[in-house]
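upload-v7.cif (mmCIF, C-alpha atoms and all ligand atoms)
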```
data_protein
loop_
_atom_site.label_atom_id
_atom_site.label_comp_id
_atom_site.auth_asym_id
_atom_site.auth_seq_id
_atom_site.Cartn_x
_atom_site.Cartn_y
_atom_site.Cartn_z
CA MET A 1 -15.95 -2.31 9.18
CA ASN A 2 -12.84 -2.90 7.05
CA ILE A 3 -9.58 -1.10 7.73
CA VAL A 4 -7.74 -0.23 4.54
CA LEU A 5 -4.05 0.69 4.79
CA ILE A 6 -2.63 2.90 2.07
CA GLY A 7 0.75 4.52 1.53
CA TYR A 8 3.86 4.59 -0.59
CA MET A 9 6.01 1.50 -1.23
CA GLY A 10 8.08 0.77 1.86
CA SER A 11 5.72 2.56 4.25
CA GLY A 12 5.10 -0.68 6.17
CA LYS A 13 1.51 -1.39 5.10
CA SER A 14 1.92 -5.18 5.14
CA LEU A 15 3.94 -5.30 8.35
CA VAL A 16 1.63 -2.93 10.22
CA GLY A 17 -1.44 -4.67 8.77
CA SER A 18 -0.50 -8.15 9.95
CA HIS A 19 0.60 -6.86 13.37
CA LEU A 20 -2.58 -4.83 13.84
CA ALA A 21 -4.74 -7.76 12.76
CA LYS A 22 -3.32 -9.89 15.55
CA LYS A 23 -3.82 -7.09 18.08
CA ILE A 24 -7.50 -6.50 17.32
CA ASP A 25 -8.33 -10.01 16.11
CA TYR A 26 -9.20 -9.11 12.52
CA LYS A 27 -8.44 -11.13 9.42
CA PHE A 28 -5.49 -9.71 7.43
CA ILE A 29 -5.30 -9.60 3.66
CA ASP A 30 -2.44 -8.15 1.62
CA LEU A 31 -3.78 -7.14 -1.80
CA ASP A 32 -0.52 -7.93 -3.65
CA GLN A 33 -0.46 -11.43 -2.13
CA TYR A 34 -4.16 -11.85 -2.89
CA ILE A 35 -3.49 -10.94 -6.54
CA GLU A 36 -0.48 -13.29 -6.72
CA LYS A 37 -2.50 -16.17 -5.26
CA ASN A 38 -5.47 -15.65 -7.56
CA GLU A 39 -3.35 -15.11 -10.69
CA GLY A 40 -0.83 -17.84 -9.88
CA SER A 41 1.98 -15.39 -10.67
CA SER A 42 4.18 -12.85 -8.89
CA ILE A 43 3.58 -9.09 -9.19
CA SER A 44 6.96 -8.73 -10.97
CA LYS A 45 6.05 -11.47 -13.46
CA ILE A 46 2.62 -9.90 -14.14
CA PHE A 47 4.31 -6.54 -14.90
CA GLU A 48 6.91 -8.28 -17.07
CA ASP A 49 4.48 -10.50 -19.01
CA SER A 50 1.41 -8.28 -19.32
CA GLY A 51 2.52 -4.71 -18.52
CA ASP A 52 1.45 -2.06 -16.05
CA ILE A 53 -1.93 -1.24 -17.64
CA TYR A 54 -2.99 -4.87 -17.31
CA PHE A 55 -1.75 -4.92 -13.70
CA ARG A 56 -3.81 -1.82 -12.82
CA LYS A 57 -6.87 -3.43 -14.37
CA ILE A 58 -6.66 -6.61 -12.32
CA GLU A 59 -5.60 -4.68 -9.22
CA THR A 60 -8.97 -2.85 -9.37
CA LYS A 61 -10.81 -6.12 -10.01
CA TYR A 62 -9.25 -7.80 -6.96
CA LEU A 63 -9.68 -4.73 -4.77
CA ILE A 64 -13.43 -4.75 -5.46
CA LYS A 65 -13.66 -8.53 -5.04
CA CYS A 66 -11.74 -8.48 -1.79
CA LEU A 67 -13.80 -5.67 -0.24
CA SER A 68 -17.13 -7.10 -1.33
CA GLU A 69 -16.41 -10.64 -0.14
CA ASN A 70 -15.05 -9.73 3.28
CA ASN A 71 -16.05 -7.91 6.41
CA ASN A 72 -13.94 -6.91 9.40
CA ILE A 73 -10.64 -7.27 7.60
CA ILE A 74 -7.45 -5.28 7.53
CA LEU A 75 -6.50 -4.83 3.92
CA SER A 76 -3.03 -3.60 2.95
CA LEU A 77 -2.97 -2.16 -0.54
CA GLY A 78 -0.15 -1.74 -3.03
CA GLY A 79 1.46 1.70 -3.13
CA GLY A 80 -0.26 2.56 -6.40
CA THR A 81 -3.72 1.18 -5.64
CA PRO A 82 -5.40 4.44 -4.51
CA CYS A 83 -3.99 6.30 -7.52
CA TYR A 84 -5.66 4.40 -10.37
CA ASN A 85 -9.14 3.96 -11.84
CA ASP A 86 -11.95 4.66 -9.36
CA ASN A 87 -10.19 2.72 -6.59
CA LEU A 88 -10.43 5.57 -4.08
CA THR A 89 -14.22 5.44 -4.28
CA HIS A 90 -14.13 1.78 -3.28
CA ILE A 91 -11.44 2.37 -0.64
CA ASN A 92 -13.42 5.20 0.98
CA SER A 93 -16.85 3.56 0.74
CA THR A 94 -18.98 3.66 3.90
CA ASN A 95 -18.02 0.24 5.24
CA ASN A 96 -14.30 1.09 5.25
CA SER A 97 -11.93 3.20 7.24
CA SER A 98 -8.88 4.22 5.21
CA ILE A 99 -5.57 4.93 6.92
CA TYR A 100 -2.58 6.61 5.25
CA LEU A 101 0.74 5.44 6.67
CA LYS A 102 2.82 8.53 5.97
CA ASN A 103 6.59 8.70 5.95
CA ASN A 104 9.14 11.01 4.34
CA ASN A 105 10.95 10.60 1.02
CA VAL A 106 14.42 10.03 2.49
CA GLU A 107 13.32 7.34 4.96
CA LEU A 108 11.23 5.57 2.28
CA SER A 109 14.10 5.76 -0.22
CA LYS A 110 16.54 4.22 2.28
CA ARG A 111 14.21 1.29 2.88
CA LEU A 112 13.41 0.83 -0.80
CA TYR A 113 17.06 0.98 -1.85
CA LYS A 114 17.64 -2.06 0.37
CA SER A 115 14.66 -3.99 -0.99
CA ASN A 116 13.86 -3.01 -4.56
CA SER A 117 14.28 -6.37 -6.26
CA ASN A 118 10.66 -7.53 -6.27
CA ARG A 119 9.23 -4.09 -6.87
CA PRO A 120 8.99 -3.61 -10.64
CA LEU A 121 8.65 0.19 -10.56
CA ILE A 122 12.00 0.67 -8.83
CA SER A 123 13.96 -2.52 -9.50
CA ALA A 124 16.15 -0.80 -12.12
CA ILE A 125 17.27 2.01 -9.79
CA LYS A 126 20.86 1.29 -8.82
CA SER A 127 21.99 4.20 -6.67
CA GLU A 128 20.65 5.68 -3.44
CA LYS A 129 20.74 9.18 -4.95
CA LYS A 130 18.63 8.09 -7.94
CA MET A 131 16.22 6.37 -5.54
CA ILE A 132 15.73 9.59 -3.56
CA GLU A 133 15.18 11.53 -6.80
CA PHE A 134 12.59 9.04 -8.04
CA VAL A 135 10.76 8.61 -4.73
CA SER A 136 10.60 12.38 -4.04
CA LYS A 137 8.88 13.13 -7.35
CA HIS A 138 6.65 10.04 -7.30
CA LEU A 139 5.56 10.52 -3.68
CA PHE A 140 4.70 14.17 -4.41
CA GLU A 141 2.45 13.05 -7.29
CA ARG A 142 0.80 10.33 -5.24
CA GLU A 143 0.19 12.22 -2.02
CA VAL A 144 -2.81 13.90 -3.63
CA TYR A 145 -4.46 10.47 -3.51
CA TYR A 146 -3.04 9.33 -0.18
CA ASN A 147 -4.27 12.54 1.45
CA LYS A 148 -7.86 11.49 0.70
CA ALA A 149 -7.61 8.80 3.41
CA ASN A 150 -9.94 9.13 6.41
CA VAL A 151 -6.99 9.15 8.82
CA THR A 152 -3.28 9.99 8.35
CA ILE A 153 -0.71 8.46 10.68
CA ASN A 154 2.74 10.03 10.69
CA CYS A 155 4.99 6.97 10.99
CA PHE A 156 8.38 8.73 10.95
CA LYS A 157 10.60 7.32 13.71
CA LYS A 158 7.71 5.34 15.23
CA ASN A 159 7.92 1.62 15.90
CA ILE A 160 5.25 -0.79 14.75
CA ASP A 161 3.48 -0.92 18.13
CA ALA A 162 3.26 2.86 18.32
CA VAL A 163 1.82 2.99 14.79
CA CYS A 164 -0.76 0.29 15.62
CA ASP A 165 -1.78 2.07 18.82
CA LEU A 166 -2.25 5.31 16.93
CA ILE A 167 -4.44 3.57 14.36
CA ILE A 168 -6.54 1.98 17.11
CA SER A 169 -7.00 5.27 18.96
CA ASN A 170 -8.15 6.91 15.72
CA LEU A 171 -10.70 4.19 15.07
CA TYR A 172 -12.57 3.90 18.32
C1 LIG B 201 3.29 -0.63 -6.55
C2 LIG B 201 3.53 -1.07 -5.27
C3 LIG B 201 3.68 -2.50 -4.95
C4 LIG B 201 2.95 -3.37 -5.97
C5 LIG B 201 3.38 -3.02 -7.36
C6 LIG B 201 3.11 -1.55 -7.70
C7 LIG B 201 3.16 0.83 -6.76
O1 LIG B 201 3.20 -2.77 -3.62
O2 LIG B 201 1.56 -3.25 -5.84
O3 LIG B 201 4.73 -3.31 -7.46
O4 LIG B 201 2.66 1.26 -7.83
O5 LIG B 201 3.55 1.61 -5.86
P1 LIG B 201 3.96 -2.27 -2.28
O6 LIG B 201 3.51 -0.87 -1.98
O7 LIG B 201 3.48 -3.24 -1.24
O8 LIG B 201 5.43 -2.37 -2.53
#
```

Show me the file's structure as structure tokens.
Amino acid sequence: MNIVLIGYMGSGKSLVGSHLAKKIDYKFIDLDQYIEKNEGSSISKIFEDSGDIYFRKIETKYLIKCLSENNNIILSLGGGTPCYNDNLTHINSTNNSSIYLKNNNVELSKRLYKSNSNRPLISAIKSEKKMIEFVSKHLFEREVYYNKANVTINCFKKNIDAVCDLIISNLY
């Protein structure tokens, strides 16, 4: 079984994924890093050079490749991955368990305001107020997709260990 972590930017998918992998002795793959390694370019540079449509195309290609070539992995996706093409079908295929790491718009905005530089969708947002406005609308649009996950974990005010333990108790 593969465990696929989904959620908005800043929800802690990569951090939780690598921590959980150590706890349950699974291999960890971060889809953004996997794309960067295979393309020899950063996510920001891919957006800048080739645009978002191209990025979504290769994101789907690498999602499929990653899931078909691996077993017993924890895969952290990008925030937009479940929302494009037929990615959700692959994410929710029988061999996978999908987990939505849910948090609220204000908490996510605070985190993203502090680290927006290598995130092309929000790198131009220069005030915390604008960040909250953007994230609130965007998260509302995307939750339709995130809510299709097999399991939802409410991460608000929970530390990484608590989140991992909740994931584990929902799996077994
Ligand atoms: C994106 C999220 C990013 C990355 C790309 C697009 C999105 O990943 O895939 O910048 O559309 O939400 P993180 O969620 O890890 O920041």

Within-12 Å shell of (10.0, 11.9, -5.4) in input frame, all atoms listed in the file, as a list of chain:residue names: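 Checked against the point, the hits come out as A:Tyr8, A:Met9, A:Asn104, A:Asn105, A:Val106, A:Glu107, A:Leu108, A:Ser109, A:Ile122, A:Lys129, A:Lys130, A:Met131, A:Ile132, A:Glu133, A:Phe134, A:Val135, A:Ser136, A:Lys137, A:His138, A:Leu139, A:Phe140, A:Glu141, A:Arg142, A:Glu143.
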
Excluding A:Gly7 and any residue of its chain fewer than 6 positions from it, enumerate the residues within 9 Å of it, using all atoms listed in the file, and give them as a CSV table (one decimal) with C-alpha atoms, in the frame of the given file.
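After the write, result-v9.csv holds the following:
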```
chain,number,residue,atom,x,y,z
A,13,LYS,CA,1.5,-1.4,5.1
A,77,LEU,CA,-3.0,-2.2,-0.5
A,78,GLY,CA,-0.2,-1.7,-3.0
A,79,GLY,CA,1.5,1.7,-3.1
A,80,GLY,CA,-0.3,2.6,-6.4
A,82,PRO,CA,-5.4,4.4,-4.5
A,99,ILE,CA,-5.6,4.9,6.9
A,100,TYR,CA,-2.6,6.6,5.2
A,101,LEU,CA,0.7,5.4,6.7
A,102,LYS,CA,2.8,8.5,6.0
A,103,ASN,CA,6.6,8.7,6.0
A,142,ARG,CA,0.8,10.3,-5.2
A,143,GLU,CA,0.2,12.2,-2.0
A,146,TYR,CA,-3.0,9.3,-0.2
```

Using the file's own x, y and z axes, what box holds all listed atoms of ligand LIG 201 (chain B) with 6 Å on each side, keeping edges along x, y and z, and what are its centre and edge lengths in Å to one decimal, as lines of an AutoDock Vina configuration file?
```
center_x = 3.5
center_y = -0.9
center_z = -4.5
size_x = 15.9
size_y = 17.0
size_z = 18.6
```

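The closest residue to A:Ala162, picked from A:Ala21, A:Val16, A:Gly10, A:Val144 and counting only C-alpha atoms, is A:Val16.
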
Which residues are near A:Ser76? Cut-off 10 Å, all atoms listed in the file, ignore same chain within fewer than 2 positions. Put them as a list of chain:residue names.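 After dropping sequence-adjacent residues, the list is A:Ile3, A:Val4, A:Leu5, A:Ile6, A:Gly7, A:Gly12, A:Lys13, A:Ser14, A:Leu15, A:Val16, A:Gly17, A:Ser18, A:Phe28, A:Ile29, A:Asp30, A:Leu31, A:Asp32, A:Gln33, A:Ile73, A:Ile74, A:Gly78, A:Gly79, A:Thr81, A:Ile99.
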
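Nearest residue to A:Asn96 among A:Asn2, A:Asn154, A:Asn170, A:Ser42 is A:Asn2, counting only C-alpha atoms.
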